[in-house]
Amino acid sequence: MERICNYAQIKRSNNVVRLFSAKVSPNLKLPTPSAHCDLIGPPDPISNIRPIIVARSENESKLEKIYREAREDTQTWNQHFWTKHNIRFIKERKQFQENLKKEGKTSITADDMSVFYKEFLDKNWHTHFNYNIAWYRRNIKLLFLEFGVRISKLKFR
């Protein structure tokens with residue numbers, strides 16, 4: 001059984017275990033099954049998204065499984081989008097800075113970089129727009145699934 005040994009501290013708040021670390025683990029895994037809380041890891045160095053291990057209950061219903069898998073799918077989709085986006089951003093920013101140095105700039109100011117940021121945002125406007133639409137759709141779906149799970153739990157009490 002693999003243990004999470006590179007985390008300095010584990011804190012509990014609001015049924016969520018937050019994992020803090022100086023060293024980021026790309027494959028965050030549970031040391032033991034945890035039915036009562038999600039695990040949230042340190043931010044990914046590229047996407048800046050915190051990995052989440054969604055808790056599984058022992059008596060997981062079909063609706064709860066669909067909800068959990070939808071949450072996991074959304075997490076993976078979000079991680080993938082921001083990893084690709086941030087890699088592209090860093091690459092283009094570095095290229096922009098190199099071009100400024102080739103033009104004879106000895107120091108790059110915030111005003112110089114604001115030109116890049118504006119161009120990057122303008123160029124990726126459609127990508128961000130489509131991401132936001134998809135993000136809202138996924139979150140609305142998750143809200144309805146969670147609502148269904150909570151209603152089903154009230155019925156069976």
# chains A, B, ... in the order shown; residues from 1 in each chain; ligands from 1
$ residues_around --residues "Gln79 in chain A" --least-positions-apart "5" --cutoff "9 Å" --atoms "only C-alpha atoms" --output "NGL selection string"
:A and (44 or 47-51 or 74 or 84)
$ closest_atom_pairs --of "range 33-122 of chain A" --to "range 131-143 of chain A" --cutoff "10 Å" --atoms "only C-alpha atoms" --output "tab-separated table"
residue	atom	partner	partner_atom	distance
A:Ile66	CA	A:Leu142	CA	9.7
A:Tyr67	CA	A:Leu142	CA	6.8
A:Arg68	CA	A:Leu142	CA	9.2
A:Ala70	CA	A:Leu142	CA	7.0
A:Arg71	CA	A:Leu142	CA	7.0
A:Asp73	CA	A:Arg138	CA	9.6
A:Thr74	CA	A:Arg138	CA	7.0
A:Trp77	CA	A:Trp135	CA	9.5
A:Asn78	CA	A:Trp135	CA	8.3
A:Phe81	CA	A:Tyr131	CA	8.3
A:Trp82	CA	A:Tyr131	CA	10.0
$ write_last_selection --atoms "N, CA and C atoms" --output "JSON list (two decimals), in the first residue's frame"
[["chain", "number", "residue", "atom", "x", "y", "z"],
["A", 66, "ILE", "N", -22.43, 7.93, -10.45],
["A", 66, "ILE", "CA", -22.48, 8.82, -11.60],
["A", 66, "ILE", "C", -21.98, 10.21, -11.22],
["A", 67, "TYR", "N", -22.41, 10.70, -10.05],
["A", 67, "TYR", "CA", -21.97, 12.02, -9.56],
["A", 67, "TYR", "C", -20.46, 12.05, -9.32],
["A", 68, "ARG", "N", -19.95, 11.03, -8.65],
["A", 68, "ARG", "CA", -18.50, 10.97, -8.37],
["A", 68, "ARG", "C", -17.70, 10.93, -9.67],
["A", 70, "ALA", "N", -18.61, 12.00, -12.61],
["A", 70, "ALA", "CA", -18.74, 13.29, -13.29],
["A", 70, "ALA", "C", -17.78, 14.31, -12.66],
["A", 71, "ARG", "N", -17.64, 14.28, -11.35],
["A", 71, "ARG", "CA", -16.69, 15.18, -10.68],
["A", 71, "ARG", "C", -15.26, 14.86, -11.10],
["A", 73, "ASP", "N", -14.29, 13.34, -13.86],
["A", 73, "ASP", "CA", -14.15, 13.69, -15.26],
["A", 73, "ASP", "C", -13.94, 15.20, -15.44],
["A", 74, "THR", "N", -14.69, 15.99, -14.68],
["A", 74, "THR", "CA", -14.55, 17.44, -14.74],
["A", 74, "THR", "C", -13.16, 17.86, -14.25],
["A", 77, "TRP", "N", -10.69, 16.97, -17.05],
["A", 77, "TRP", "CA", -10.89, 17.90, -18.17],
["A", 77, "TRP", "C", -10.28, 19.27, -17.85],
["A", 78, "ASN", "N", -10.53, 19.77, -16.65],
["A", 78, "ASN", "CA", -10.01, 21.07, -16.21],
["A", 78, "ASN", "C", -8.49, 21.05, -16.15],
["A", 81, "PHE", "N", -7.07, 21.07, -19.76],
["A", 81, "PHE", "CA", -7.20, 22.37, -20.41],
["A", 81, "PHE", "C", -6.14, 23.35, -19.91],
["A", 82, "TRP", "N", -6.02, 23.49, -18.59],
["A", 82, "TRP", "CA", -5.11, 24.48, -18.03],
["A", 82, "TRP", "C", -3.64, 24.09, -18.20]]
$ atom_distance --atom1 "CA of Phe96 in chain A" --atom2 "CA of Ile46 in chain A"
19.3 Å
$ select_by_dssp --residues "range 12-149 of chain A" --states "strand (DSSP E or B)" --output "ChimeraX atom specification"
/A:12-13,16-20,38-40,52-53
$ write_last_selection --atoms "N, CA and C atoms" --output "mmCIF file, in the first residue's frame"
data_model
loop_
_atom_site.group_PDB
_atom_site.id
_atom_site.type_symbol
_atom_site.label_atom_id
_atom_site.label_comp_id
_atom_site.auth_asym_id
_atom_site.auth_seq_id
_atom_site.Cartn_x
_atom_site.Cartn_y
_atom_site.Cartn_z
ATOM 1 N N ARG A 12 -7.787 19.177 8.527
ATOM 2 C CA ARG A 12 -9.187 18.846 8.249
ATOM 3 C C ARG A 12 -10.040 20.086 8.470
ATOM 4 N N SER A 13 -10.905 20.383 7.486
ATOM 5 C CA SER A 13 -11.884 21.452 7.663
ATOM 6 C C SER A 13 -13.040 21.219 6.718
ATOM 7 N N VAL A 16 -13.202 18.170 4.336
ATOM 8 C CA VAL A 16 -12.212 18.117 3.267
ATOM 9 C C VAL A 16 -10.844 18.038 3.916
ATOM 10 N N VAL A 17 -10.034 17.120 3.472
ATOM 11 C CA VAL A 17 -8.663 17.034 3.955
ATOM 12 C C VAL A 17 -7.801 17.807 2.981
ATOM 13 N N ARG A 18 -7.086 18.798 3.464
ATOM 14 C CA ARG A 18 -6.214 19.598 2.612
ATOM 15 C C ARG A 18 -4.779 19.133 2.834
ATOM 16 N N LEU A 19 -4.111 18.837 1.752
ATOM 17 C CA LEU A 19 -2.739 18.355 1.825
ATOM 18 C C LEU A 19 -1.804 19.476 1.395
ATOM 19 N N PHE A 20 -0.841 19.814 2.240
ATOM 20 C CA PHE A 20 0.108 20.864 1.934
ATOM 21 C C PHE A 20 1.495 20.245 1.826
ATOM 22 N N ASP A 38 -13.073 14.235 0.848
ATOM 23 C CA ASP A 38 -12.230 14.310 -0.342
ATOM 24 C C ASP A 38 -10.822 14.687 0.082
ATOM 25 N N LEU A 39 -9.833 14.320 -0.732
ATOM 26 C CA LEU A 39 -8.457 14.740 -0.495
ATOM 27 C C LEU A 39 -8.089 15.768 -1.554
ATOM 28 N N ILE A 40 -7.520 16.874 -1.114
ATOM 29 C CA ILE A 40 -7.101 17.933 -2.024
ATOM 30 C C ILE A 40 -5.601 18.106 -1.876
ATOM 31 N N ILE A 52 -7.751 16.555 -6.852
ATOM 32 C CA ILE A 52 -8.752 16.146 -5.865
ATOM 33 C C ILE A 52 -9.006 14.651 -6.027
ATOM 34 N N ILE A 53 -8.940 13.950 -4.925
ATOM 35 C CA ILE A 53 -9.363 12.560 -4.905
ATOM 36 C C ILE A 53 -10.733 12.560 -4.253
#
$ residues_around --residues "Gly148 in chain A" --least-positions-apart "3" --cutoff "12 Å" --atoms "only C-alpha atoms" --output "VMD selection string"
chain A and resid 61 to 67 141 to 145 151 to 155
$ residues_around --residues "Tyr117 in chain A" --least-positions-apart "6" --cutoff "10 Å" --atoms "only C-alpha atoms" --output "list in words"
Phe89, Arg93, Asp111 and Lys123 of chain A
$ residues_around --residues "Ile108 in chain A" --least-positions-apart "4" --cutoff "12 Å" --atoms "only C-alpha atoms" --output "list in words"
Arg93, Lys94, Phe96, Gln97, Glu98, Asn99, Leu100, Lys101, Lys102, Glu103, Gly104, Asp112, Met113, Ser114, Val115 and Phe116 of chain A
$ select_by_dssp --residues "range 33-66 of chain A" --states "helix (DSSP H, G or I)" --output "PyMOL selection string"
chain A and resi 62-66
